[in-house]
$ cat model29.cif   # mmCIF, C-alpha atoms
data_target
loop_
_atom_site.label_atom_id
_atom_site.label_comp_id
_atom_site.auth_asym_id
_atom_site.auth_seq_id
_atom_site.Cartn_x
_atom_site.Cartn_y
_atom_site.Cartn_z
CA MET A 1 -41.71 1.13 14.78
CA ARG A 2 -42.44 -0.66 18.03
CA ALA A 3 -44.55 -3.78 17.64
CA ARG A 4 -46.93 -2.61 20.36
CA GLY A 5 -48.56 -0.14 17.96
CA VAL A 6 -49.42 -2.62 15.21
CA ALA A 7 -52.42 -4.38 16.74
CA PHE A 8 -53.91 -1.10 17.88
CA LEU A 9 -53.51 0.42 14.40
CA ALA A 10 -55.37 -2.50 12.85
CA THR A 11 -58.29 -1.92 15.21
CA VAL A 12 -58.35 1.80 14.46
CA VAL A 13 -58.19 1.32 10.70
CA LEU A 14 -61.12 -1.10 10.87
CA ALA A 15 -63.11 1.36 12.95
CA ALA A 16 -62.30 4.20 10.58
CA GLY A 17 -63.50 2.10 7.67
CA LEU A 18 -66.87 1.81 9.37
CA ALA A 19 -67.25 5.56 9.75
CA THR A 20 -70.24 7.17 8.11
CA GLY A 21 -68.72 10.61 7.96
CA CYS A 22 -71.38 11.94 10.34
CA SER A 23 -70.52 13.78 13.54
CA GLY A 24 -72.26 14.63 16.78
CA ILE A 25 -73.55 12.26 19.43
CA THR A 26 -76.74 10.91 17.88
CA ILE A 27 -76.81 7.19 18.66
CA GLU A 28 -77.29 4.78 15.79
CA PRO A 29 -80.68 3.05 15.46
CA VAL A 30 -80.32 -0.37 17.04
CA SER A 31 -82.16 -3.67 17.12
CA GLN A 32 -84.45 -4.63 19.98
CA ALA A 33 -82.18 -7.48 21.13
CA PRO A 34 -80.69 -6.83 24.60
CA ALA A 35 -77.00 -5.99 24.74
CA SER A 36 -74.79 -8.97 25.46
CA GLY A 37 -71.15 -9.94 25.78
CA ASP A 38 -68.46 -9.13 28.28
CA ALA A 39 -68.90 -5.36 28.04
CA ALA A 40 -72.66 -5.59 28.49
CA ALA A 41 -72.31 -7.96 31.42
CA ALA A 42 -69.77 -5.67 33.07
CA LEU A 43 -72.05 -2.68 32.49
CA ALA A 44 -74.94 -4.50 34.14
CA ALA A 45 -72.77 -5.06 37.22
CA LEU A 46 -71.86 -1.37 37.64
CA PRO A 47 -73.70 0.57 40.35
CA VAL A 48 -76.05 3.28 39.09
CA LYS A 49 -76.03 6.56 41.04
CA GLY A 50 -76.25 10.27 40.48
CA ARG A 51 -73.12 12.33 39.96
CA ALA A 52 -71.46 13.43 43.18
CA PRO A 53 -70.59 17.14 43.46
CA ARG A 54 -67.43 18.25 41.67
CA THR A 55 -66.35 19.90 44.92
CA GLY A 56 -62.69 19.31 45.69
CA TYR A 57 -61.78 18.15 42.19
CA ASP A 58 -58.31 19.07 40.99
CA ARG A 59 -56.11 17.34 38.43
CA ASP A 60 -53.48 17.01 41.14
CA GLU A 61 -55.83 14.71 43.07
CA PHE A 62 -54.80 12.06 40.52
CA GLY A 63 -51.13 12.34 41.35
CA GLN A 64 -48.20 12.86 39.03
CA ARG A 65 -49.10 13.54 35.42
CA TRP A 66 -47.77 10.80 33.18
CA ALA A 67 -46.17 8.83 35.98
CA ASP A 68 -44.24 5.73 34.93
CA VAL A 69 -46.76 3.28 36.38
CA ASP A 70 -45.56 0.32 34.33
CA ARG A 71 -41.98 0.96 35.49
CA ASN A 72 -40.36 0.63 32.09
CA GLY A 73 -38.36 3.86 32.33
CA CYS A 74 -40.73 5.93 30.12
CA ASP A 75 -43.51 8.24 31.23
CA GLN A 76 -47.04 7.24 30.26
CA ARG A 77 -47.51 9.96 27.64
CA ASN A 78 -44.54 8.68 25.64
CA ASP A 79 -45.59 5.08 26.22
CA VAL A 80 -49.04 5.78 24.78
CA LEU A 81 -47.63 7.70 21.82
CA ALA A 82 -45.25 4.80 21.08
CA ARG A 83 -48.12 2.31 21.40
CA ASP A 84 -50.65 4.15 19.26
CA LEU A 85 -48.50 5.81 16.57
CA VAL A 86 -46.77 4.11 13.65
CA ASP A 87 -43.53 5.01 11.86
CA GLU A 88 -42.45 6.75 15.03
CA ALA A 89 -38.96 8.14 15.58
CA PHE A 90 -37.38 8.56 19.00
CA ARG A 91 -34.99 11.09 20.47
CA ALA A 92 -31.46 9.72 20.43
CA GLY A 93 -30.15 8.57 23.78
CA THR A 94 -33.59 7.95 25.33
CA ARG A 95 -33.66 4.18 24.70
CA GLU A 96 -36.70 4.57 22.41
CA CYS A 97 -38.62 6.51 25.02
CA VAL A 98 -39.18 10.11 23.86
CA VAL A 99 -41.29 10.11 20.68
CA LEU A 100 -40.28 12.85 18.26
CA ASN A 101 -42.70 12.13 15.41
CA GLY A 102 -44.98 9.54 13.89
CA ARG A 103 -48.42 9.02 12.37
CA LEU A 104 -51.69 8.42 14.18
CA ALA A 105 -54.71 6.66 12.71
CA ASP A 106 -57.07 8.61 14.94
CA PRO A 107 -59.85 6.40 16.32
CA TYR A 108 -62.15 9.34 17.06
CA THR A 109 -62.18 11.04 13.63
CA GLY A 110 -60.81 8.38 11.26
CA ARG A 111 -58.17 10.83 10.06
CA THR A 112 -54.45 10.18 9.74
CA ILE A 113 -52.57 12.78 11.77
CA ASP A 114 -48.87 13.53 11.52
CA PHE A 115 -47.37 14.05 14.96
CA THR A 116 -44.28 16.20 15.50
CA ARG A 117 -43.04 17.02 18.97
CA GLY A 118 -42.57 20.73 19.49
CA GLN A 119 -44.15 23.99 20.54
CA GLY A 120 -47.34 24.50 18.59
CA THR A 121 -47.40 20.96 17.17
CA SER A 122 -47.41 18.52 20.09
CA ASP A 123 -51.05 19.30 20.86
CA ASP A 124 -52.14 18.02 17.43
CA VAL A 125 -52.17 14.64 19.15
CA GLN A 126 -53.36 14.53 22.74
CA ILE A 127 -53.70 11.70 25.25
CA ASP A 128 -57.34 11.27 26.19
CA HIS A 129 -58.50 9.89 29.51
CA VAL A 130 -61.31 7.74 28.12
CA VAL A 131 -63.08 8.08 31.45
CA ALA A 132 -62.41 11.76 32.08
CA LEU A 133 -60.80 12.38 35.45
CA SER A 134 -63.46 14.91 36.46
CA ASN A 135 -66.12 12.33 35.60
CA ALA A 136 -64.22 9.71 37.58
CA TRP A 137 -64.04 12.10 40.55
CA GLN A 138 -67.82 12.52 40.48
CA THR A 139 -68.53 8.80 40.13
CA GLY A 140 -66.50 7.38 42.98
CA ALA A 141 -62.81 8.25 42.52
CA GLN A 142 -62.83 10.87 45.26
CA GLN A 143 -63.30 7.97 47.68
CA LEU A 144 -60.20 6.14 46.40
CA ALA A 145 -56.79 6.31 48.03
CA PRO A 146 -54.32 8.77 46.42
CA ASP A 147 -52.07 6.02 45.00
CA THR A 148 -55.06 4.32 43.41
CA ARG A 149 -56.18 7.61 41.86
CA GLU A 150 -52.67 8.11 40.47
CA LEU A 151 -52.86 4.68 38.85
CA LEU A 152 -56.26 5.58 37.37
CA GLY A 153 -54.84 8.83 35.96
CA ASN A 154 -51.97 6.99 34.29
CA ASP A 155 -53.42 3.57 33.50
CA PRO A 156 -52.86 2.59 29.84
CA LEU A 157 -56.34 1.06 29.90
CA ASN A 158 -57.75 4.57 30.29
CA LEU A 159 -55.45 6.35 27.82
CA LEU A 160 -55.67 6.80 24.04
CA ALA A 161 -53.72 9.00 21.64
CA VAL A 162 -56.31 10.98 19.68
CA ASP A 163 -56.92 14.12 17.63
CA GLY A 164 -56.24 17.11 19.86
CA PRO A 165 -59.19 19.38 18.97
CA THR A 166 -61.63 16.47 19.19
CA ASN A 167 -60.31 15.57 22.61
CA ALA A 168 -60.72 19.18 23.71
CA SER A 169 -64.36 19.14 22.57
CA LYS A 170 -65.05 16.11 24.77
CA GLY A 171 -64.15 17.88 28.00
CA ASP A 172 -65.34 15.76 30.92
CA GLY A 173 -68.31 14.33 29.03
CA ASP A 174 -69.58 10.82 29.61
CA ALA A 175 -71.26 8.58 27.03
CA ALA A 176 -74.58 10.37 27.53
CA THR A 177 -73.12 13.71 26.43
CA TRP A 178 -70.19 12.89 24.12
CA LEU A 179 -69.25 10.10 21.73
CA PRO A 180 -66.50 9.83 19.08
CA PRO A 181 -67.57 11.19 15.69
CA VAL A 182 -66.57 7.86 14.08
CA ARG A 183 -69.64 5.72 14.70
CA GLY A 184 -67.74 2.52 14.01
CA TYR A 185 -65.50 3.15 17.02
CA ARG A 186 -68.24 3.81 19.55
CA CYS A 187 -68.66 0.19 20.67
CA ALA A 188 -64.96 -0.14 21.50
CA TYR A 189 -65.00 3.30 23.13
CA VAL A 190 -67.83 2.61 25.57
CA ALA A 191 -66.48 -0.89 26.27
CA ARG A 192 -63.23 0.74 27.38
CA GLN A 193 -65.16 3.12 29.63
CA VAL A 194 -66.96 0.18 31.20
CA ALA A 195 -63.65 -1.65 31.71
CA VAL A 196 -62.11 1.35 33.48
CA LYS A 197 -65.14 1.91 35.70
CA SER A 198 -65.27 -1.78 36.57
CA LYS A 199 -61.55 -1.90 37.41
CA TYR A 200 -61.70 1.09 39.76
CA GLY A 201 -65.09 0.46 41.33
CA LEU A 202 -66.71 3.56 39.82
CA TRP A 203 -70.38 3.95 39.09
CA VAL A 204 -72.44 5.21 36.13
CA THR A 205 -75.35 7.62 36.06
CA SER A 206 -78.67 6.34 34.75
CA ALA A 207 -78.32 8.44 31.57
CA GLU A 208 -74.78 7.17 31.04
CA ARG A 209 -75.83 3.57 31.56
CA GLU A 210 -78.72 3.89 29.10
CA ALA A 211 -76.48 5.46 26.46
CA ILE A 212 -73.82 2.76 26.80
CA ALA A 213 -76.43 -0.02 26.79
CA ARG A 214 -77.99 1.31 23.58
CA ILE A 215 -74.62 1.42 21.86
CA LEU A 216 -73.72 -2.11 22.98
CA THR A 217 -77.06 -3.41 21.74
CA GLY A 218 -75.82 -2.53 18.25
CA CYS A 219 -72.68 -4.66 18.70
CA PRO A 220 -73.70 -7.78 20.65
CA GLY A 221 -70.79 -9.68 22.11
CA GLU A 222 -68.52 -6.61 22.31
CA PRO A 223 -65.59 -7.67 24.51
CA LEU A 224 -63.92 -5.62 27.16
CA PRO A 225 -60.48 -4.44 26.05
CA ALA A 226 -57.47 -6.29 27.39
CA ASP A 227 -56.08 -4.73 30.55
CA PRO A 228 -52.44 -3.77 29.83
CA ALA A 229 -49.75 -5.06 32.13
CA VAL A 230 -49.15 -2.68 35.04
CA PRO A 231 -47.54 -3.27 38.43
CA ALA A 232 -49.34 -5.35 41.04
CA PRO A 233 -52.48 -3.47 42.05
CA THR A 234 -52.81 -1.70 45.36
CA GLU A 235 -54.58 -3.45 48.20
CA GLU A 236 -57.53 -1.17 47.52
CA LEU A 237 -57.75 -2.36 43.91
CA ARG A 238 -57.48 -5.96 44.98
CA ALA A 239 -60.44 -5.40 47.30
CA LEU A 240 -62.44 -3.67 44.55
CA ARG A 241 -61.80 -6.55 42.14
CA SER A 242 -62.76 -9.17 44.71
CA GLY A 243 -65.91 -7.32 45.70
CA THR A 244 -64.83 -6.81 49.29
CA GLY A 245 -64.01 -3.10 49.00
#

$ encode --input "model29.cif" --output "structure tokens"
Amino acid sequence: MRARGVAFLATVVLAAGLATGCSGITIEPVSQAPASGDAAAALAALPVKGRAPRTGYDRDEFGQRWADVDRNGCDQRNDVLARDLVDEAFRAGTRECVVLNGRLADPYTGRTIDFTRGQGTSDDVQIDHVVALSNAWQTGAQQLAPDTRELLGNDPLNLLAVDGPTNASKGDGDAATWLPPVRGYRCAYVARQVAVKSKYGLWVTSAEREAIARILTGCPGEPLPADPAVPAPTEELRALRSGTG
């Protein structure tokens, strides 16, 4: 097993242990204290606008699917599987790149899922764009340069291995319309959405912002997730991060 999956598994197991067994998107009752912490501060800094039209959206607008953006010789799908699964086995001759099987502690459902590569089984575990690409398109990504959109579509910060059917039920929903069934994972989930939107200069809708703020109020001090190492950002990303874009 690669070491990169161990820390993530510990986080998922903790989240699964907090699950109530309930499903749906009803937000937990929260205290009246305002949300705080890095995620809350980053949320407060995001612009609030309405969704732009979906006109012109196509998956291909985000470049190559599973491009090797971290330049380690493996595509991003296999990188994420290797990061998020445990007890994984790799195809011989691929330098531990192509994942053949393993086990996923699914952060969205709290279930343990056996993954086996193959027709009819690979989709049991899917790679979720935490900020759905259609949502990203409608909240600022259509204004980004093509190479920046490709990085967004393949950025490990925005990718999680999860239960396939649950991922399919999410569609392009934002936090106002879809949340993971495991309530104990929702704080980390929305913090990751905030991190992605902050990194790429995207905005939130008012309903999305209110939903995220309510969740973060229940977990004061929730940190933003660490941004995985990827190649030097494009000039556009540098400008977005410095506030000059």

$ resolve_selection --input "model29.cif" --expression "the PyMOL selection byres ((chain A and resi 169-173) around 6)" --output "number ranges by chain"
A: 132, 134-135, 166-168, 174, 177-178

$ resolve_selection --input "model29.cif" --expression "the PyMOL selection byres ((chain A and resi 75) around 12)" --output "PDB file with C-alpha atoms, in the frame of the given file"
ATOM      1  CA  GLN A  64     -48.200  12.860  39.030  1.00  0.00           C
ATOM      2  CA  ARG A  65     -49.100  13.540  35.420  1.00  0.00           C
ATOM      3  CA  TRP A  66     -47.770  10.800  33.180  1.00  0.00           C
ATOM      4  CA  ALA A  67     -46.170   8.830  35.980  1.00  0.00           C
ATOM      5  CA  ASP A  68     -44.240   5.730  34.930  1.00  0.00           C
ATOM      6  CA  VAL A  69     -46.760   3.280  36.380  1.00  0.00           C
ATOM      7  CA  ASP A  70     -45.560   0.320  34.330  1.00  0.00           C
ATOM      8  CA  ARG A  71     -41.980   0.960  35.490  1.00  0.00           C
ATOM      9  CA  ASN A  72     -40.360   0.630  32.090  1.00  0.00           C
ATOM     10  CA  GLY A  73     -38.360   3.860  32.330  1.00  0.00           C
ATOM     11  CA  CYS A  74     -40.730   5.930  30.120  1.00  0.00           C
ATOM     12  CA  GLN A  76     -47.040   7.240  30.260  1.00  0.00           C
ATOM     13  CA  ARG A  77     -47.510   9.960  27.640  1.00  0.00           C
ATOM     14  CA  ASN A  78     -44.540   8.680  25.640  1.00  0.00           C
ATOM     15  CA  ASP A  79     -45.590   5.080  26.220  1.00  0.00           C
ATOM     16  CA  VAL A  80     -49.040   5.780  24.780  1.00  0.00           C
ATOM     17  CA  LEU A  81     -47.630   7.700  21.820  1.00  0.00           C
ATOM     18  CA  ALA A  82     -45.250   4.800  21.080  1.00  0.00           C
ATOM     19  CA  THR A  94     -33.590   7.950  25.330  1.00  0.00           C
ATOM     20  CA  GLU A  96     -36.700   4.570  22.410  1.00  0.00           C
ATOM     21  CA  CYS A  97     -38.620   6.510  25.020  1.00  0.00           C
ATOM     22  CA  VAL A  98     -39.180  10.110  23.860  1.00  0.00           C
ATOM     23  CA  VAL A  99     -41.290  10.110  20.680  1.00  0.00           C
ATOM     24  CA  ASN A 154     -51.970   6.990  34.290  1.00  0.00           C
ATOM     25  CA  ASP A 155     -53.420   3.570  33.500  1.00  0.00           C
ATOM     26  CA  PRO A 156     -52.860   2.590  29.840  1.00  0.00           C
TER      27      PRO A 156
END

$ resolve_selection --input "model29.cif" --expression "the PyMOL selection byres ((chain A and resi 104) around 10)" --output "list of chain:residue names"
A:Gly5, A:Leu9, A:Val12, A:Leu81, A:Asp84, A:Leu85, A:Val86, A:Asp87, A:Glu88, A:Asn101, A:Gly102, A:Arg103, A:Ala105, A:Asp106, A:Pro107, A:Gly110, A:Arg111, A:Thr112, A:Ile113, A:Asp114, A:Phe115, A:Val125, A:Ala161, A:Val162, A:Asp163

$ closest_residue --input "model29.cif" --among "A:Leu152, A:Ala188, A:Ala207, A:Ala213" --to "Ala176 (chain A)" --atoms "all atoms listed in the file"
A:Ala207

$ closest_residue --input "model29.cif" --among "A:Asn158, A:Gln142, A:Thr109, A:Ser122" --to "Val196 (chain A)" --atoms "all atoms listed in the file"
A:Asn158

$ atom_distance --input "model29.cif" --atom1 "CA of Pro53 (chain A)" --atom2 "CA of Leu159 (chain A)"
24.3 Å

$ closest_residue --input "model29.cif" --among "A:Thr121, A:Gln193, A:Gln138, A:Thr217" --to "Ala175 (chain A)" --atoms "all atoms listed in the file"
A:Gln193

$ closest_residue --input "model29.cif" --among "A:Trp137, A:Thr148, A:Arg192, A:Ser198" --to "Asp58 (chain A)" --atoms "all atoms listed in the file"
A:Trp137

$ atom_distance --input "model29.cif" --atom1 "CA of Ala191 (chain A)" --atom2 "CA of Pro228 (chain A)"
14.8 Å

$ closest_residue --input "model29.cif" --among "A:Ala92, A:Ala141, A:Leu46, A:Cys187" --to "Pro220 (chain A)" --atoms "all atoms listed in the file"
A:Cys187

$ residues_near_point --input "model29.cif" --point "(-74.9, -2.7, 31.1)" --cutoff "8 Å" --atoms "all atoms listed in the file" --output "ChimeraX atom specification"
/A:35,39-46,209-210,212-213

$ closest_residue --input "model29.cif" --among "A:Lys49, A:Arg95, A:Arg117, A:Arg83" --to "Leu202 (chain A)" --atoms "only C-alpha atoms"
A:Lys49

$ atom_distance --input "model29.cif" --atom1 "CA of Gly140 (chain A)" --atom2 "CA of Val182 (chain A)"
28.9 Å
